[in-house]
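Colleague: Encoded as structure tokens, here's the structure I'll be asking about.
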Amino acid sequence: MLRFVVSAVRQRVASTGTRIDAAPMDTQDVDVTVIGAGIAGSSAAAALAADRHIALIEAEEAAGYHTTGRSAALWVQNYGPPDVRILSALSRPFFEHPPRDLAEVPLMTRRLVVFLAREDQQVELAALHAEGSGLRDIPLADVKALVPALRDGYAVAAAAEDDAFDINVAELHQGFLRQLRARGGSLALRHRAGRIERCNGRWFVETSAGAVFRSSVVVNAAGAWGDEVASIAGAATLGLSPCRRTAAIIDPAPYNVARWPMLVSVGHDWYARPEARTRLMVSPADQTPMHAHDVQPDELDIAIGIDRMQQALDISVQRIERSWAGLRTFTPDGSLAIGWDAALEGFFWCVGQGGYGIQTSPAAGQLVADIVTGRDPHGAAGIVGAVDPRRFHPSPPLSLLRA
Ligand SMILES: Cc1cc2nc3c(=O)[nH]c(=O)nc-3n(C[C@H](O)[C@H](O)[C@H](O)COP(=O)(O)OP(=O)(O)OC[C@H]3O[C@@H](n4cnc5c(N)ncnc54)[C@H](O)[C@@H]3O)c2cc1C
């Protein structure tokens, strides 16, 4: 405890000041400190703020700087493991009818999704149908009518998901932050959690700006840095795997792509979707494991994505207008990790959002709040075990649960 105060005072002198809601250098008492203001931390903080005093701290100077600001912005029901599909379905009503204090404009725009199957992808197509819901066979002639650039002979079959939609990610993310503030919570940007210790039943989170946040609960929503934050707090890591995914924007002229569906290879080796009505976003659906950092796109991945897209679509690419990459972070079994740590009291995980963190965020944030406050998670009750991080360290939690 004394170490924290001395350190905070020392850093106060060296401070250059930061753009924050929370006054720097003070020891602030809150109920819950949420670390990481991407979509996971922001949605959890907003939901928790309904009846707890929350501080949300973020290392960067913009809350969506990392993966949240780099997504493809889609909601697709037939995507991901069972827990993700349930969280996605539970989130849908929120997108359809967002709370009045959250969104000022609609959060969703309908987008047909067409899964294309090549001759060698019949097994994947059968699996999609077996696991999926709300899918229909769509004749290739109908796909061709929608997407005139589709090459004859590329696909042998296709399936359509009619109820998917584009998500207004910026509005959703800012909406969660607005809600947090309206409910009395605070966001502290440029505050990297550098020391996290528990003392006399309270967590002390000291940040790079010298502030100390004191709370009974810490929520680790640090995305690709989730294991790093856990290590700082003294928790066993979960074995999170940050994986690079690349996207590139091209001009598909002479095609007008505004009404095109999202096209997804059923083998998940490329996808493309309209971007801002006149452009096409193309991804090789890469998943390259790497350490947590400010990831940049690799030119080879961009070239692979364009090549795979061009095998399906007769589009010439003159230049890449823009490209980016983000880290999709997975737990060892691919399901999310939302729940208490196996050993550290008051340490809560909200990580492993993989490629689904945006579309699951309304329900995932609510689930965090329900578990932390001890409420019934209602519709999500059936997946509490599947997302419990203690599944990766079974010994301590089982004995604790029996006690
Ligand atoms: C190309 C691409 C396409 C995608 N498409 C979709 C899609 O269509 N639909 C969908 O639902 N999802 C999609 N995703 C996945 C989605 O973007 C992620 O699941 C989601 O953004 C993860 O959110 P997060 O809050 O966990 O991580 P992040 O947004 O990375 O947030 C974590 C934050 O924690 C902060 N942090 C780390 N360490 C500390 C510390 N010590 N102190 C303070 N702060 C810290 C970081 O600075 C960061 O801002 C896509 C991802 C990519 C890359």
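Just remember, in the structure tokens the first chain shown is A, the second B, etc., residues are 1-based per chain, and ligands are 1-based in the order shown.
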Please provide the set of residues having any atom within 12 Å of Pro99 of chain A, restricted to only C-alpha atoms, with same-chain residues fewer than 6 positions apart removed, written as a list in words.

Modeller: Ala46, Ala47, Pro93, Val105, Pro106, Leu107, Leu172, Gly175, Phe176, Arg178, Gln179 and Pro362 of chain A

Colleague: Since we have the selection now, will you write its residues out, keeping C-alpha atoms, as a compact mmCIF listing (two decimals), in the first residue's frame?

Modeller:
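What landed in again30.txt:
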```txt
# COMPACT_ATOMS: atom_id res chain seq x y z
CA ALA A 46 -21.37 0.52 -19.10
CA ALA A 47 -23.41 -2.44 -17.86
CA PRO A 93 -32.47 -7.26 -29.76
CA VAL A 105 -28.40 6.70 -34.95
CA PRO A 106 -29.29 3.12 -35.97
CA LEU A 107 -26.67 0.54 -35.04
CA LEU A 172 -21.89 1.34 -30.53
CA GLY A 175 -22.54 4.71 -26.98
CA PHE A 176 -21.19 2.37 -24.30
CA ARG A 178 -21.60 7.69 -23.13
CA GLN A 179 -23.67 5.33 -21.02
CA PRO A 362 -24.10 -6.18 -25.65
```

Colleague: For segment 325-331 of chain A, please output as number ranges by chain all residues within 8 Å (counting only C-alpha atoms; exclusion window: fewer than 4 positions along the same chain).

Modeller: A: 66-67, 70-71, 223-224, 238-247, 287, 292, 295-297, 335-337, 351-355

Colleague: Residues as selected, N, CA, C and O atoms, written as an mmCIF file, in the first residue's frame, can you do that?

Modeller:
```
data_model
loop_
_atom_site.group_PDB
_atom_site.id
_atom_site.type_symbol
_atom_site.label_atom_id
_atom_site.label_comp_id
_atom_site.auth_asym_id
_atom_site.auth_seq_id
_atom_site.Cartn_x
_atom_site.Cartn_y
_atom_site.Cartn_z
ATOM 1 N N HIS A 66 -7.024 -0.201 -30.751
ATOM 2 C CA HIS A 66 -6.540 -1.535 -31.157
ATOM 3 C C HIS A 66 -7.647 -2.312 -31.884
ATOM 4 O O HIS A 66 -8.288 -1.770 -32.779
ATOM 5 N N THR A 67 -7.904 -3.566 -31.520
ATOM 6 C CA THR A 67 -8.731 -4.426 -32.369
ATOM 7 C C THR A 67 -10.126 -3.859 -32.627
ATOM 8 O O THR A 67 -10.667 -4.017 -33.734
ATOM 9 N N ARG A 70 -10.633 -1.955 -35.690
ATOM 10 C CA ARG A 70 -10.068 -2.572 -36.898
ATOM 11 C C ARG A 70 -10.908 -3.748 -37.403
ATOM 12 O O ARG A 70 -10.411 -4.616 -38.113
ATOM 13 N N SER A 71 -12.169 -3.803 -37.025
ATOM 14 C CA SER A 71 -12.975 -4.986 -37.354
ATOM 15 C C SER A 71 -13.631 -4.852 -38.719
ATOM 16 O O SER A 71 -13.553 -3.821 -39.377
ATOM 17 N N GLY A 223 -7.869 -7.387 -23.912
ATOM 18 C CA GLY A 223 -7.745 -7.942 -25.257
ATOM 19 C C GLY A 223 -6.495 -8.791 -25.412
ATOM 20 O O GLY A 223 -6.248 -9.728 -24.635
ATOM 21 N N ALA A 224 -5.672 -8.445 -26.401
ATOM 22 C CA ALA A 224 -4.455 -9.212 -26.679
ATOM 23 C C ALA A 224 -3.485 -9.184 -25.501
ATOM 24 O O ALA A 224 -2.608 -10.048 -25.385
ATOM 25 N N LEU A 238 -4.083 -17.555 -19.070
ATOM 26 C CA LEU A 238 -5.009 -18.527 -19.673
ATOM 27 C C LEU A 238 -4.432 -19.178 -20.920
ATOM 28 O O LEU A 238 -4.996 -20.142 -21.427
ATOM 29 N N GLY A 239 -3.325 -18.647 -21.442
ATOM 30 C CA GLY A 239 -2.799 -19.151 -22.713
ATOM 31 C C GLY A 239 -3.495 -18.490 -23.892
ATOM 32 O O GLY A 239 -3.789 -19.148 -24.894
ATOM 33 N N LEU A 240 -3.760 -17.184 -23.760
ATOM 34 C CA LEU A 240 -4.426 -16.451 -24.842
ATOM 35 C C LEU A 240 -3.528 -16.389 -26.075
ATOM 36 O O LEU A 240 -2.306 -16.293 -25.958
ATOM 37 N N SER A 241 -4.162 -16.438 -27.230
ATOM 38 C CA SER A 241 -3.407 -16.423 -28.475
ATOM 39 C C SER A 241 -3.887 -15.271 -29.370
ATOM 40 O O SER A 241 -4.914 -15.377 -30.041
ATOM 41 N N PRO A 242 -3.145 -14.142 -29.366
ATOM 42 C CA PRO A 242 -3.483 -13.058 -30.291
ATOM 43 C C PRO A 242 -3.082 -13.459 -31.717
ATOM 44 O O PRO A 242 -1.962 -13.935 -31.932
ATOM 45 N N CYS A 243 -3.999 -13.296 -32.663
ATOM 46 C CA CYS A 243 -3.732 -13.707 -34.049
ATOM 47 C C CYS A 243 -4.036 -12.546 -34.995
ATOM 48 O O CYS A 243 -5.108 -11.938 -34.907
ATOM 49 N N ARG A 244 -3.085 -12.315 -35.896
ATOM 50 C CA ARG A 244 -3.272 -11.203 -36.846
ATOM 51 C C ARG A 244 -4.328 -11.544 -37.900
ATOM 52 O O ARG A 244 -4.342 -12.652 -38.437
ATOM 53 N N ARG A 245 -5.195 -10.573 -38.157
ATOM 54 C CA ARG A 245 -6.118 -10.667 -39.300
ATOM 55 C C ARG A 245 -5.997 -9.392 -40.121
ATOM 56 O O ARG A 245 -5.953 -8.293 -39.584
ATOM 57 N N THR A 246 -5.955 -9.575 -41.457
ATOM 58 C CA THR A 246 -5.639 -8.483 -42.371
ATOM 59 C C THR A 246 -6.850 -8.101 -43.209
ATOM 60 O O THR A 246 -7.659 -8.966 -43.558
ATOM 61 N N ALA A 247 -6.954 -6.830 -43.531
ATOM 62 C CA ALA A 247 -8.026 -6.354 -44.411
ATOM 63 C C ALA A 247 -7.456 -5.320 -45.371
ATOM 64 O O ALA A 247 -6.541 -4.566 -45.016
ATOM 65 N N GLN A 287 -4.957 -15.905 -39.825
ATOM 66 C CA GLN A 287 -5.011 -16.085 -38.371
ATOM 67 C C GLN A 287 -3.603 -16.465 -37.915
ATOM 68 O O GLN A 287 -3.339 -17.604 -37.592
ATOM 69 N N ALA A 292 1.296 -9.652 -28.403
ATOM 70 C CA ALA A 292 0.454 -8.455 -28.388
ATOM 71 C C ALA A 292 1.285 -7.224 -28.727
ATOM 72 O O ALA A 292 2.289 -6.952 -28.078
ATOM 73 N N VAL A 295 -0.219 -4.125 -34.208
ATOM 74 C CA VAL A 295 0.072 -4.963 -35.377
ATOM 75 C C VAL A 295 -0.202 -4.213 -36.678
ATOM 76 O O VAL A 295 -1.134 -3.407 -36.765
ATOM 77 N N GLN A 296 0.630 -4.481 -37.663
ATOM 78 C CA GLN A 296 0.491 -3.860 -38.979
ATOM 79 C C GLN A 296 0.266 -4.943 -40.039
ATOM 80 O O GLN A 296 0.648 -6.097 -39.839
ATOM 81 N N PRO A 297 -0.357 -4.592 -41.173
ATOM 82 C CA PRO A 297 -0.607 -5.616 -42.196
ATOM 83 C C PRO A 297 0.672 -6.065 -42.881
ATOM 84 O O PRO A 297 1.616 -5.290 -43.021
ATOM 85 N N SER A 335 -13.608 -20.465 -27.068
ATOM 86 C CA SER A 335 -14.751 -19.793 -26.452
ATOM 87 C C SER A 335 -14.262 -18.602 -25.631
ATOM 88 O O SER A 335 -13.080 -18.524 -25.294
ATOM 89 N N LEU A 336 -15.176 -17.700 -25.306
ATOM 90 C CA LEU A 336 -14.766 -16.533 -24.529
ATOM 91 C C LEU A 336 -14.372 -16.935 -23.105
ATOM 92 O O LEU A 336 -14.650 -18.068 -22.681
ATOM 93 N N ALA A 337 -13.706 -16.057 -22.407
ATOM 94 C CA ALA A 337 -13.407 -16.267 -20.984
ATOM 95 C C ALA A 337 -14.026 -15.108 -20.213
ATOM 96 O O ALA A 337 -13.499 -13.985 -20.231
ATOM 97 N N VAL A 351 -12.111 -11.740 -21.632
ATOM 98 C CA VAL A 351 -11.146 -11.786 -22.744
ATOM 99 C C VAL A 351 -11.536 -12.901 -23.721
ATOM 100 O O VAL A 351 -12.516 -13.611 -23.519
ATOM 101 N N GLY A 352 -10.713 -13.042 -24.773
ATOM 102 C CA GLY A 352 -10.916 -14.133 -25.733
ATOM 103 C C GLY A 352 -12.069 -13.881 -26.690
ATOM 104 O O GLY A 352 -12.732 -14.813 -27.137
ATOM 105 N N GLN A 353 -12.267 -12.588 -27.054
ATOM 106 C CA GLN A 353 -13.388 -12.233 -27.941
ATOM 107 C C GLN A 353 -13.163 -12.664 -29.382
ATOM 108 O O GLN A 353 -14.084 -12.597 -30.196
ATOM 109 N N GLY A 354 -11.950 -13.118 -29.720
ATOM 110 C CA GLY A 354 -11.670 -13.663 -31.048
ATOM 111 C C GLY A 354 -12.187 -12.762 -32.157
ATOM 112 O O GLY A 354 -11.966 -11.553 -32.157
ATOM 113 N N GLY A 355 -12.913 -13.357 -33.101
ATOM 114 C CA GLY A 355 -13.448 -12.590 -34.228
ATOM 115 C C GLY A 355 -14.884 -12.181 -34.034
ATOM 116 O O GLY A 355 -15.587 -11.884 -35.011
#
```

Colleague: Looking at A:Met309, A:Leu177, A:Leu140, A:Leu146, which one is nearest to Leu48 of chain A, with distances taken over only C-alpha atoms?

Modeller: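 That would be A:Leu177, the residue with the smallest distance to Leu48 of chain A.
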
Colleague: Please provide the set of residues having any atom within 9 Å of His173 of chain A, restricted to only C-alpha atoms, with same-chain residues fewer than 5 positions apart removed, written as a tab-separated table (two decimals) with N, CA and C atoms, in the first residue's frame.

Modeller:
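Full text of out_3.tsv as output:
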```tsv
chain	number	residue	atom	x	y	z
A	38	GLY	N	-11.49	-1.18	-25.04
A	38	GLY	CA	-12.03	-1.64	-26.32
A	38	GLY	C	-13.49	-1.98	-26.11
A	39	ILE	N	-14.07	-2.70	-27.05
A	39	ILE	CA	-15.50	-2.98	-26.96
A	39	ILE	C	-15.81	-3.87	-25.75
A	42	SER	N	-15.51	-1.60	-22.56
A	42	SER	CA	-16.51	-0.52	-22.58
A	42	SER	C	-17.91	-1.06	-22.34
A	43	SER	N	-18.25	-2.18	-22.98
A	43	SER	CA	-19.59	-2.74	-22.79
A	43	SER	C	-19.75	-3.24	-21.35
A	63	ALA	N	-9.92	5.22	-27.27
A	63	ALA	CA	-10.43	3.98	-26.70
A	63	ALA	C	-10.51	2.83	-27.71
A	64	GLY	N	-10.72	3.12	-28.98
A	64	GLY	CA	-10.85	2.01	-29.94
A	64	GLY	C	-9.61	1.79	-30.78
A	68	THR	N	-10.71	-3.21	-31.63
A	68	THR	CA	-12.08	-2.71	-31.79
A	68	THR	C	-12.22	-1.74	-32.96
A	168	ASN	N	-22.73	-0.50	-36.82
A	168	ASN	CA	-22.08	0.81	-36.70
A	168	ASN	C	-21.21	0.75	-35.44
A	178	ARG	N	-20.63	6.67	-23.56
A	178	ARG	CA	-21.60	7.69	-23.13
A	178	ARG	C	-22.42	7.18	-21.95
A	358	ILE	N	-17.37	-7.71	-31.32
A	358	ILE	CA	-18.32	-6.62	-31.54
A	358	ILE	C	-19.74	-7.18	-31.48
```

Colleague: As a list in words, please: the residues near Trp260 of chain A (cut-off 12 Å, only C-alpha atoms, same-chain neighbours under 6 positions excluded).

Modeller: Arg110, Arg111, Leu112, Val113, Val114, Asp142, Val143, Lys144, Ala145, Leu146, Val147, Pro148, Ala149, Leu150, Pro252, Ala272, Arg273, Pro274, Glu275, Ala276, Arg277, Thr278, Arg279, Leu280 and Met281 of chain A

Colleague: Can you list every residue in segment 206-293 of chain A that DSSP puts in strand (DSSP E), as a compact mmCIF listing (two decimals) with all heavy atoms, in the first residue's frame?

Modeller:
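Result went into selection11.txt, see below:
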```
# COMPACT_ATOMS: atom_id res chain seq x y z
N GLU A 206 -2.17 0.78 -10.28
CA GLU A 206 -1.40 2.01 -10.51
C GLU A 206 -1.12 2.13 -11.99
O GLU A 206 -0.71 1.16 -12.64
CB GLU A 206 -0.09 1.95 -9.73
CG GLU A 206 0.72 3.23 -9.86
CD GLU A 206 2.05 3.14 -9.11
OE1 GLU A 206 2.14 2.36 -8.14
OE2 GLU A 206 2.98 3.84 -9.51
N THR A 207 -1.34 3.32 -12.53
CA THR A 207 -1.22 3.49 -13.98
C THR A 207 0.03 4.27 -14.37
O THR A 207 0.67 4.90 -13.52
CB THR A 207 -2.45 4.22 -14.56
OG1 THR A 207 -2.36 5.61 -14.22
CG2 THR A 207 -3.75 3.61 -14.04
N VAL A 212 -3.77 6.01 -8.98
CA VAL A 212 -4.02 4.71 -8.35
C VAL A 212 -5.53 4.55 -8.20
O VAL A 212 -6.22 5.44 -7.69
CB VAL A 212 -3.35 4.63 -6.95
CG1 VAL A 212 -3.73 3.32 -6.27
CG2 VAL A 212 -1.84 4.76 -7.08
N PHE A 213 -6.03 3.43 -8.70
CA PHE A 213 -7.46 3.12 -8.58
C PHE A 213 -7.61 1.99 -7.57
O PHE A 213 -6.99 0.94 -7.72
CB PHE A 213 -8.02 2.73 -9.95
CG PHE A 213 -8.00 3.86 -10.94
CD1 PHE A 213 -6.87 4.09 -11.71
CD2 PHE A 213 -9.07 4.72 -11.07
CE1 PHE A 213 -6.82 5.15 -12.61
CE2 PHE A 213 -9.04 5.79 -11.96
CZ PHE A 213 -7.90 6.00 -12.74
N ARG A 214 -8.42 2.24 -6.56
CA ARG A 214 -8.60 1.27 -5.48
C ARG A 214 -10.03 0.73 -5.56
O ARG A 214 -10.99 1.50 -5.56
CB ARG A 214 -8.37 1.97 -4.14
CG ARG A 214 -8.40 1.05 -2.94
CD ARG A 214 -7.81 1.73 -1.72
NE ARG A 214 -8.42 3.03 -1.43
CZ ARG A 214 -7.95 3.91 -0.54
NH1 ARG A 214 -6.87 3.64 0.15
NH2 ARG A 214 -8.56 5.06 -0.34
N SER A 215 -10.14 -0.60 -5.64
CA SER A 215 -11.48 -1.19 -5.82
C SER A 215 -11.48 -2.62 -5.30
O SER A 215 -10.42 -3.23 -5.13
CB SER A 215 -11.84 -1.20 -7.31
OG SER A 215 -10.86 -1.89 -8.06
N VAL A 217 -12.98 -5.04 -6.96
CA VAL A 217 -12.96 -5.91 -8.14
C VAL A 217 -12.16 -5.25 -9.26
O VAL A 217 -12.27 -4.04 -9.49
CB VAL A 217 -14.41 -6.18 -8.64
CG1 VAL A 217 -14.41 -6.94 -9.97
CG2 VAL A 217 -15.21 -6.95 -7.59
N VAL A 218 -11.36 -6.07 -9.95
CA VAL A 218 -10.68 -5.64 -11.18
C VAL A 218 -11.19 -6.51 -12.31
O VAL A 218 -11.24 -7.74 -12.19
CB VAL A 218 -9.14 -5.79 -11.06
CG1 VAL A 218 -8.48 -5.74 -12.43
CG2 VAL A 218 -8.56 -4.71 -10.17
N VAL A 219 -11.60 -5.87 -13.42
CA VAL A 219 -12.00 -6.62 -14.62
C VAL A 219 -10.88 -6.48 -15.65
O VAL A 219 -10.52 -5.38 -16.05
CB VAL A 219 -13.33 -6.08 -15.20
CG1 VAL A 219 -13.65 -6.79 -16.52
CG2 VAL A 219 -14.47 -6.28 -14.21
N ASN A 220 -10.34 -7.62 -16.05
CA ASN A 220 -9.29 -7.65 -17.06
C ASN A 220 -9.93 -7.77 -18.43
O ASN A 220 -10.35 -8.86 -18.84
CB ASN A 220 -8.37 -8.84 -16.77
CG ASN A 220 -7.31 -9.04 -17.85
OD1 ASN A 220 -7.15 -8.23 -18.75
ND2 ASN A 220 -6.59 -10.16 -17.75
N SER A 241 -4.16 -16.44 -27.23
CA SER A 241 -3.41 -16.42 -28.48
C SER A 241 -3.89 -15.27 -29.37
O SER A 241 -4.91 -15.38 -30.04
CB SER A 241 -3.61 -17.77 -29.19
OG SER A 241 -2.92 -17.77 -30.41
N PRO A 242 -3.15 -14.14 -29.37
CA PRO A 242 -3.48 -13.06 -30.29
C PRO A 242 -3.08 -13.46 -31.72
O PRO A 242 -1.96 -13.94 -31.93
CB PRO A 242 -2.62 -11.88 -29.80
CG PRO A 242 -2.08 -12.30 -28.46
CD PRO A 242 -2.01 -13.79 -28.48
N CYS A 243 -4.00 -13.30 -32.66
CA CYS A 243 -3.73 -13.71 -34.05
C CYS A 243 -4.04 -12.55 -35.00
O CYS A 243 -5.11 -11.94 -34.91
CB CYS A 243 -4.62 -14.88 -34.43
SG CYS A 243 -4.31 -16.37 -33.48
N ARG A 244 -3.09 -12.32 -35.90
CA ARG A 244 -3.27 -11.20 -36.85
C ARG A 244 -4.33 -11.54 -37.90
O ARG A 244 -4.34 -12.65 -38.44
CB ARG A 244 -1.95 -10.89 -37.55
CG ARG A 244 -2.06 -9.71 -38.52
CD ARG A 244 -0.73 -9.37 -39.14
NE ARG A 244 -0.18 -10.48 -39.90
CZ ARG A 244 1.11 -10.70 -40.09
NH1 ARG A 244 2.00 -9.89 -39.57
NH2 ARG A 244 1.52 -11.74 -40.79
N ARG A 245 -5.19 -10.57 -38.16
CA ARG A 245 -6.12 -10.67 -39.30
C ARG A 245 -6.00 -9.39 -40.12
O ARG A 245 -5.95 -8.29 -39.58
CB ARG A 245 -7.56 -10.88 -38.87
CG ARG A 245 -8.51 -10.78 -40.05
CD ARG A 245 -9.61 -11.76 -40.08
NE ARG A 245 -9.25 -13.15 -40.03
CZ ARG A 245 -10.16 -14.14 -40.06
NH1 ARG A 245 -11.44 -13.85 -40.12
NH2 ARG A 245 -9.79 -15.40 -40.00
N THR A 246 -5.96 -9.57 -41.46
CA THR A 246 -5.64 -8.48 -42.37
C THR A 246 -6.85 -8.10 -43.21
O THR A 246 -7.66 -8.97 -43.56
CB THR A 246 -4.50 -8.95 -43.31
OG1 THR A 246 -3.43 -9.45 -42.50
CG2 THR A 246 -4.00 -7.83 -44.19
N ALA A 247 -6.95 -6.83 -43.53
CA ALA A 247 -8.03 -6.35 -44.41
C ALA A 247 -7.46 -5.32 -45.37
O ALA A 247 -6.54 -4.57 -45.02
CB ALA A 247 -9.15 -5.73 -43.59
N ALA A 248 -7.99 -5.31 -46.60
CA ALA A 248 -7.54 -4.33 -47.60
C ALA A 248 -8.75 -3.77 -48.32
O ALA A 248 -9.75 -4.47 -48.52
CB ALA A 248 -6.60 -5.00 -48.60
N ILE A 249 -8.68 -2.50 -48.69
CA ILE A 249 -9.76 -1.84 -49.42
C ILE A 249 -9.33 -1.63 -50.86
O ILE A 249 -8.23 -1.10 -51.13
CB ILE A 249 -10.09 -0.46 -48.78
CG1 ILE A 249 -10.46 -0.62 -47.31
CG2 ILE A 249 -11.21 0.22 -49.58
CD1 ILE A 249 -11.72 -1.39 -47.04
N ILE A 250 -10.21 -2.06 -51.80
CA ILE A 250 -9.92 -1.87 -53.22
C ILE A 250 -11.11 -1.18 -53.89
O ILE A 250 -12.21 -1.16 -53.35
CB ILE A 250 -9.66 -3.22 -53.93
CG1 ILE A 250 -10.89 -4.14 -53.80
CG2 ILE A 250 -8.40 -3.88 -53.38
CD1 ILE A 250 -10.97 -5.20 -54.86
N MET A 262 -22.26 -9.78 -48.36
CA MET A 262 -20.93 -10.19 -47.93
C MET A 262 -20.69 -11.58 -48.51
O MET A 262 -21.58 -12.44 -48.44
CB MET A 262 -20.86 -10.26 -46.41
CG MET A 262 -19.50 -10.72 -45.90
SD MET A 262 -19.51 -11.02 -44.13
CE MET A 262 -17.75 -11.07 -43.80
N LEU A 263 -19.53 -11.80 -49.08
CA LEU A 263 -19.20 -13.10 -49.65
C LEU A 263 -18.15 -13.77 -48.77
O LEU A 263 -17.11 -13.16 -48.47
CB LEU A 263 -18.63 -12.93 -51.07
CG LEU A 263 -19.61 -12.33 -52.09
CD1 LEU A 263 -18.88 -11.94 -53.36
CD2 LEU A 263 -20.75 -13.30 -52.40
N VAL A 264 -18.44 -14.98 -48.33
CA VAL A 264 -17.53 -15.68 -47.43
C VAL A 264 -17.23 -17.06 -48.01
O VAL A 264 -18.16 -17.81 -48.35
CB VAL A 264 -18.16 -15.90 -46.03
CG1 VAL A 264 -17.16 -16.53 -45.08
CG2 VAL A 264 -18.70 -14.60 -45.47
N SER A 265 -15.97 -17.38 -48.16
CA SER A 265 -15.62 -18.76 -48.53
C SER A 265 -16.02 -19.65 -47.36
O SER A 265 -15.65 -19.39 -46.21
CB SER A 265 -14.11 -18.85 -48.75
OG SER A 265 -13.68 -20.18 -48.58
N TYR A 271 -12.77 -13.56 -47.44
CA TYR A 271 -14.10 -12.98 -47.51
C TYR A 271 -14.00 -11.56 -48.06
O TYR A 271 -12.92 -10.96 -48.09
CB TYR A 271 -14.84 -13.01 -46.17
CG TYR A 271 -14.27 -12.18 -45.04
CD1 TYR A 271 -14.56 -10.82 -44.92
CD2 TYR A 271 -13.47 -12.76 -44.06
CE1 TYR A 271 -14.06 -10.06 -43.87
CE2 TYR A 271 -12.97 -12.01 -43.01
CZ TYR A 271 -13.27 -10.66 -42.92
OH TYR A 271 -12.77 -9.92 -41.88
N ALA A 272 -15.14 -11.07 -48.54
CA ALA A 272 -15.18 -9.71 -49.09
C ALA A 272 -16.54 -9.11 -48.77
O ALA A 272 -17.55 -9.82 -48.70
CB ALA A 272 -14.97 -9.73 -50.61
N ARG A 273 -16.55 -7.82 -48.57
CA ARG A 273 -17.82 -7.14 -48.28
C ARG A 273 -17.75 -5.68 -48.77
O ARG A 273 -16.66 -5.08 -48.79
CB ARG A 273 -18.13 -7.14 -46.80
CG ARG A 273 -17.02 -6.61 -45.93
CD ARG A 273 -17.52 -6.05 -44.64
NE ARG A 273 -18.22 -4.80 -44.88
CZ ARG A 273 -18.65 -4.00 -43.90
NH1 ARG A 273 -18.47 -4.35 -42.66
NH2 ARG A 273 -19.25 -2.86 -44.17
N PRO A 274 -18.90 -5.13 -49.18
CA PRO A 274 -18.90 -3.73 -49.59
C PRO A 274 -18.46 -2.83 -48.44
O PRO A 274 -18.77 -3.10 -47.29
CB PRO A 274 -20.37 -3.46 -49.95
CG PRO A 274 -20.96 -4.80 -50.18
CD PRO A 274 -20.23 -5.75 -49.28
N GLU A 275 -17.74 -1.79 -48.80
CA GLU A 275 -17.26 -0.83 -47.80
C GLU A 275 -17.63 0.56 -48.29
O GLU A 275 -17.28 0.94 -49.42
CB GLU A 275 -15.73 -0.97 -47.67
CG GLU A 275 -15.04 0.10 -46.86
CD GLU A 275 -14.97 -0.23 -45.38
OE1 GLU A 275 -15.39 -1.33 -45.00
OE2 GLU A 275 -14.50 0.62 -44.63
N ARG A 279 -16.65 0.77 -52.40
CA ARG A 279 -15.39 0.05 -52.29
C ARG A 279 -15.64 -1.37 -51.79
O ARG A 279 -16.73 -1.69 -51.30
CB ARG A 279 -14.42 0.76 -51.33
CG ARG A 279 -13.99 2.14 -51.82
CD ARG A 279 -13.12 2.02 -53.05
NE ARG A 279 -12.56 3.29 -53.48
CZ ARG A 279 -13.13 4.08 -54.41
NH1 ARG A 279 -14.27 3.73 -54.98
NH2 ARG A 279 -12.54 5.21 -54.78
N LEU A 280 -14.63 -2.21 -51.91
CA LEU A 280 -14.75 -3.59 -51.45
C LEU A 280 -13.64 -3.85 -50.43
O LEU A 280 -12.47 -3.54 -50.68
CB LEU A 280 -14.59 -4.53 -52.65
CG LEU A 280 -15.14 -5.95 -52.53
CD1 LEU A 280 -16.66 -5.95 -52.32
CD2 LEU A 280 -14.80 -6.77 -53.77
N MET A 281 -14.03 -4.39 -49.29
CA MET A 281 -13.04 -4.83 -48.31
C MET A 281 -12.76 -6.31 -48.54
O MET A 281 -13.69 -7.10 -48.66
CB MET A 281 -13.58 -4.64 -46.89
CG MET A 281 -12.62 -5.15 -45.83
SD MET A 281 -13.43 -5.29 -44.22
CE MET A 281 -12.59 -6.75 -43.62
N VAL A 282 -11.49 -6.66 -48.63
CA VAL A 282 -11.09 -8.04 -48.90
C VAL A 282 -10.17 -8.52 -47.79
O VAL A 282 -9.27 -7.78 -47.37
CB VAL A 282 -10.35 -8.14 -50.26
CG1 VAL A 282 -9.91 -9.57 -50.53
CG2 VAL A 282 -11.22 -7.61 -51.39
N SER A 283 -10.40 -9.74 -47.30
CA SER A 283 -9.51 -10.30 -46.26
C SER A 283 -9.15 -11.73 -46.62
O SER A 283 -10.00 -12.49 -47.09
CB SER A 283 -10.21 -10.28 -44.90
OG SER A 283 -9.41 -10.97 -43.94
N THR A 288 -2.71 -15.47 -37.92
CA THR A 288 -1.29 -15.72 -37.62
C THR A 288 -0.99 -15.38 -36.17
O THR A 288 -1.08 -14.21 -35.78
CB THR A 288 -0.40 -14.86 -38.55
OG1 THR A 288 -0.85 -15.01 -39.90
CG2 THR A 288 1.06 -15.26 -38.42
N PRO A 289 -0.63 -16.38 -35.35
CA PRO A 289 -0.36 -16.10 -33.93
C PRO A 289 0.84 -15.19 -33.76
O PRO A 289 1.84 -15.33 -34.48
CB PRO A 289 -0.05 -17.49 -33.34
CG PRO A 289 -0.56 -18.47 -34.34
CD PRO A 289 -0.45 -17.80 -35.68
```

Colleague: Would you pick out the contacts of Gly184 of chain A at 12 Å or less, using only C-alpha atoms, so that residues sharing its chain but fewer than 6 positions from it are not included, and give the list as a count of residues only?

Modeller: 18

Colleague: What does the structure give for the distance between atom 5 (N, counted along the ligand's line) of ligand 1 and atom CA of His393 of chain A, in Å to one decimal?

Modeller: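 Computing the Euclidean distance for atom 5 (N, counted along the ligand's line) of ligand 1 and atom CA of His393 of chain A yields 29.2 Å.
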